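Report on one structure; see the data block that follows.
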Amino acid sequence: MLKRVFIGSLLLSSALSLNVQSRAHLTKSSNINSDTALYVSGGDIVPALKAPAALYDGAVAIGATKASKSFADIFKLGIVSGAHIGFGSYLAITVGGACPGIASSNPGLQKIIFGAFGLPFGLIMTLITGGELFTGNTALVTAAWKEGKTDGKSLIKNWVASYAGNFVGSILLAYLAFASQTLGNAPASVAIATAKANLPFNVAFVRGILCNWLVCMAVYMASGCCTMVGKMTAIWFPISAFVALGLDHSVANMFIIPLGIMRGADVTFTQMITNNLLPVTLGNIVGGALMCMMPFGTTFGNWFKKKSSGVFGQ
């Protein structure tokens, strides 16, 4: 009997000891994580995901910072971002565009592959490195302008500089991809370029709206995440969705269509601009500024709200 009591007591003591040690380890780990968070944030613990109102305020602040940059800085970062999106399109064409068997037997799966491998990683590179992407700027910088954090002149400067930079970076990467000869005889780039350059104006416009609605949601949600995993998750789903749905992104098309032309597509640069880039760009502006950002601006911000004045408005 005593032997059983002794063994039971010993087991209980061991269990309590392990429990205390486990709690001490967790407390120590928690303190380390807290100290790290305090160190990184300058004293305040940053949540992994901002609340909706704080998310909007943060997006406005990012937009104001973008608008304050010089034309030259925006243009340079725009070139890099155009190349980043080009790399994403390049990968999508290389992987998802090279699955003719799957495309014929299971077109839905091919579209998912085409969307999942490519454009998401291009936007990840852009957002993590602080690039300037025209499509995302239609939402963020517009929000800063509507909140009075920047002026209309700075808004136009940002849009023009980022768009021009994106175009240069996309064309540059398209040429490098063509010169690399990695695509072999695969017909995907030619077929995609031909199809995009022959869309009716209204169809390209609507596809541009829907596309940038999703792109700017990715940019917006990622801006409220403080971890790499959080940002990647926020980006991956909307971006892979817009590609799989067959929507049109002006900056991605700056790479895709020129690459197709270089590889033999029966498309002129005039067709590329008038039949695709013009309507898609206009649609991207509507999708980013109005469809994505306006609902949050009118809810959490001051869009279209009259400023109080006079004695009773103070």
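Identifiers for the structure tokens are assigned positionally: chains receive A, B, ... in sequence, residues are indexed from 1 per chain, and ligands are indexed from 1 in the order shown.
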
Write out as CSV the residues of range 257-299 of chain A that have any atom within 12 Å of an atom of range 87-99 of chain A, one row each with the nearest atom pair and its distance in Å to one decimal, counting only C-alpha atoms, sorted by chain and then rising number.
residue,atom,partner,partner_atom,distance
A:Ile257,CA,A:Ser89,CA,10.6
A:Pro258,CA,A:Tyr90,CA,12.0
A:Leu259,CA,A:Tyr90,CA,9.3
A:Gly260,CA,A:Ile93,CA,10.7

Okay, now the selection with N, CA, C and O atoms, as a PDB file, in the first residue's frame?
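Below is the file selection-v6.pdb, written as the result:
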ATOM      1  N   ILE A 257       1.211  41.541 -73.753  1.00  0.00           N
ATOM      2  CA  ILE A 257       0.967  41.841 -75.169  1.00  0.00           C
ATOM      3  C   ILE A 257       2.259  42.123 -75.930  1.00  0.00           C
ATOM      4  O   ILE A 257       2.466  41.561 -77.017  1.00  0.00           O
ATOM      5  N   PRO A 258       3.187  42.955 -75.419  1.00  0.00           N
ATOM      6  CA  PRO A 258       4.457  43.134 -76.134  1.00  0.00           C
ATOM      7  C   PRO A 258       5.236  41.834 -76.304  1.00  0.00           C
ATOM      8  O   PRO A 258       5.848  41.610 -77.354  1.00  0.00           O
ATOM      9  N   LEU A 259       5.210  40.969 -75.281  1.00  0.00           N
ATOM     10  CA  LEU A 259       5.889  39.677 -75.406  1.00  0.00           C
ATOM     11  C   LEU A 259       5.275  38.875 -76.542  1.00  0.00           C
ATOM     12  O   LEU A 259       5.984  38.260 -77.352  1.00  0.00           O
ATOM     13  N   GLY A 260       3.946  38.864 -76.632  1.00  0.00           N
ATOM     14  CA  GLY A 260       3.274  38.160 -77.705  1.00  0.00           C
ATOM     15  C   GLY A 260       3.622  38.727 -79.074  1.00  0.00           C
ATOM     16  O   GLY A 260       3.828  37.976 -80.036  1.00  0.00           O
TER      17      GLY A 260
END

Next on the checklist: Among range 65-179 of chain A, which ones does DSSP assign to alpha helix (DSSP H) (computed from the backbone)? Answer as a count of residues only.
Outcome noted: 96

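Among the candidates A:Ile156, A:Leu119, A:Ala197, A:Leu214, the residue lying nearest to Asn284 in chain A is A:Leu214 (atoms considered: only C-alpha atoms).
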
Item to check | Contact residues around Ala174 in chain A with only C-alpha atoms at 8 Å, ignoring same-chain residues under 4 positions, as a count of residues only | outcome: 7

Next on the checklist: When you look at Ile209 in chain A with a cut-off of 9 Å (counting only C-alpha atoms), what residues show up, excluding the ones that are within fewer than 4 positions of it in the same chain? I need them as a list in words.
Outcome noted: Ala204, Phe205, Trp213, Leu214, Leu247, Asp248, Val280, Thr281, Leu282, Gly283, Asn284, Ile285, Val286, Gly287, Gly288 and Met291 of chain A

Item to check | Pick from A:Ser70, A:Ser104, A:Thr129, A:Thr274 nearest to Asn202 in chain A, counting only C-alpha atoms | outcome: A:Thr274

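Minimum distance to Val203 in chain A across A:Leu278, A:Ile79, A:Met294, A:Ala179 (counting only C-alpha atoms) occurs at A:Leu278.
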
Checklist entry - Taking only C-alpha atoms into account, which of A:Trp145, A:Tyr56, A:Phe71, A:Tyr175 comes nearest Cys292 in chain A? => result A:Tyr56

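Minimum distance to Ser68 in chain A across A:Gly184, A:Gly152, A:Pro238, A:Gly230 (counting only C-alpha atoms) occurs at A:Gly152.
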
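One finds CA of Leu49 in chain A at 23.6 Å from CA of Lys149 in chain A.
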
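Residues surrounding Phe296 in chain A within 9 Å are Pro52, Ala53, Tyr56, Cys292, Met293, Thr299, Phe300, Gly301 and Trp303 of chain A [only C-alpha atoms; sequence separation below 3 positions excluded].
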
Item to check | Straight-line distance linking CA of Ile273 in chain A with CA of Asn158 in chain A, stated in Å to one decimal | outcome: 20.7 Å

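Distances here use only C-alpha atoms; by that measure, the residue among A:Pro279, A:Gly148, A:Gly101, A:Gly122 closest to Arg207 in chain A is A:Pro279.
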
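Residues in contact range of Ala164 in chain A, defined as at most 8 Å between only C-alpha atoms, with sequence neighbours fewer than 4 positions away removed, read Phe75, Gly78, Ile79, Val160 and Val168 of chain A.
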
Store the residues of this selection in a file with N, CA and C atoms, as a PDB file, in the first residue's frame.
ATOM      1  N   PHE A  75       8.831  57.181 -60.462  1.00  0.00           N
ATOM      2  CA  PHE A  75       9.124  56.589 -61.765  1.00  0.00           C
ATOM      3  C   PHE A  75      10.099  55.420 -61.629  1.00  0.00           C
ATOM      4  N   GLY A  78       8.452  52.632 -60.027  1.00  0.00           N
ATOM      5  CA  GLY A  78       7.472  52.126 -60.985  1.00  0.00           C
ATOM      6  C   GLY A  78       8.099  51.157 -61.983  1.00  0.00           C
ATOM      7  N   ILE A  79       9.317  51.468 -62.411  1.00  0.00           N
ATOM      8  CA  ILE A  79      10.030  50.568 -63.324  1.00  0.00           C
ATOM      9  C   ILE A  79      10.219  49.200 -62.667  1.00  0.00           C
ATOM     10  N   VAL A 160       0.698  59.326 -63.041  1.00  0.00           N
ATOM     11  CA  VAL A 160       1.446  59.417 -64.301  1.00  0.00           C
ATOM     12  C   VAL A 160       2.829  58.786 -64.159  1.00  0.00           C
ATOM     13  N   VAL A 168       7.646  51.125 -68.711  1.00  0.00           N
ATOM     14  CA  VAL A 168       9.062  50.916 -69.052  1.00  0.00           C
ATOM     15  C   VAL A 168       9.559  49.587 -68.491  1.00  0.00           C
TER      16      VAL A 168
END

Next on the checklist: What's around Val219 in chain A at 8 Å? Count only C-alpha atoms, leave out sequence neighbours fewer than 3 positions away in its own chain, and write the answer as a ChimeraX atom specification.
Outcome noted: /A:127,136,215-216,222-223,234-235
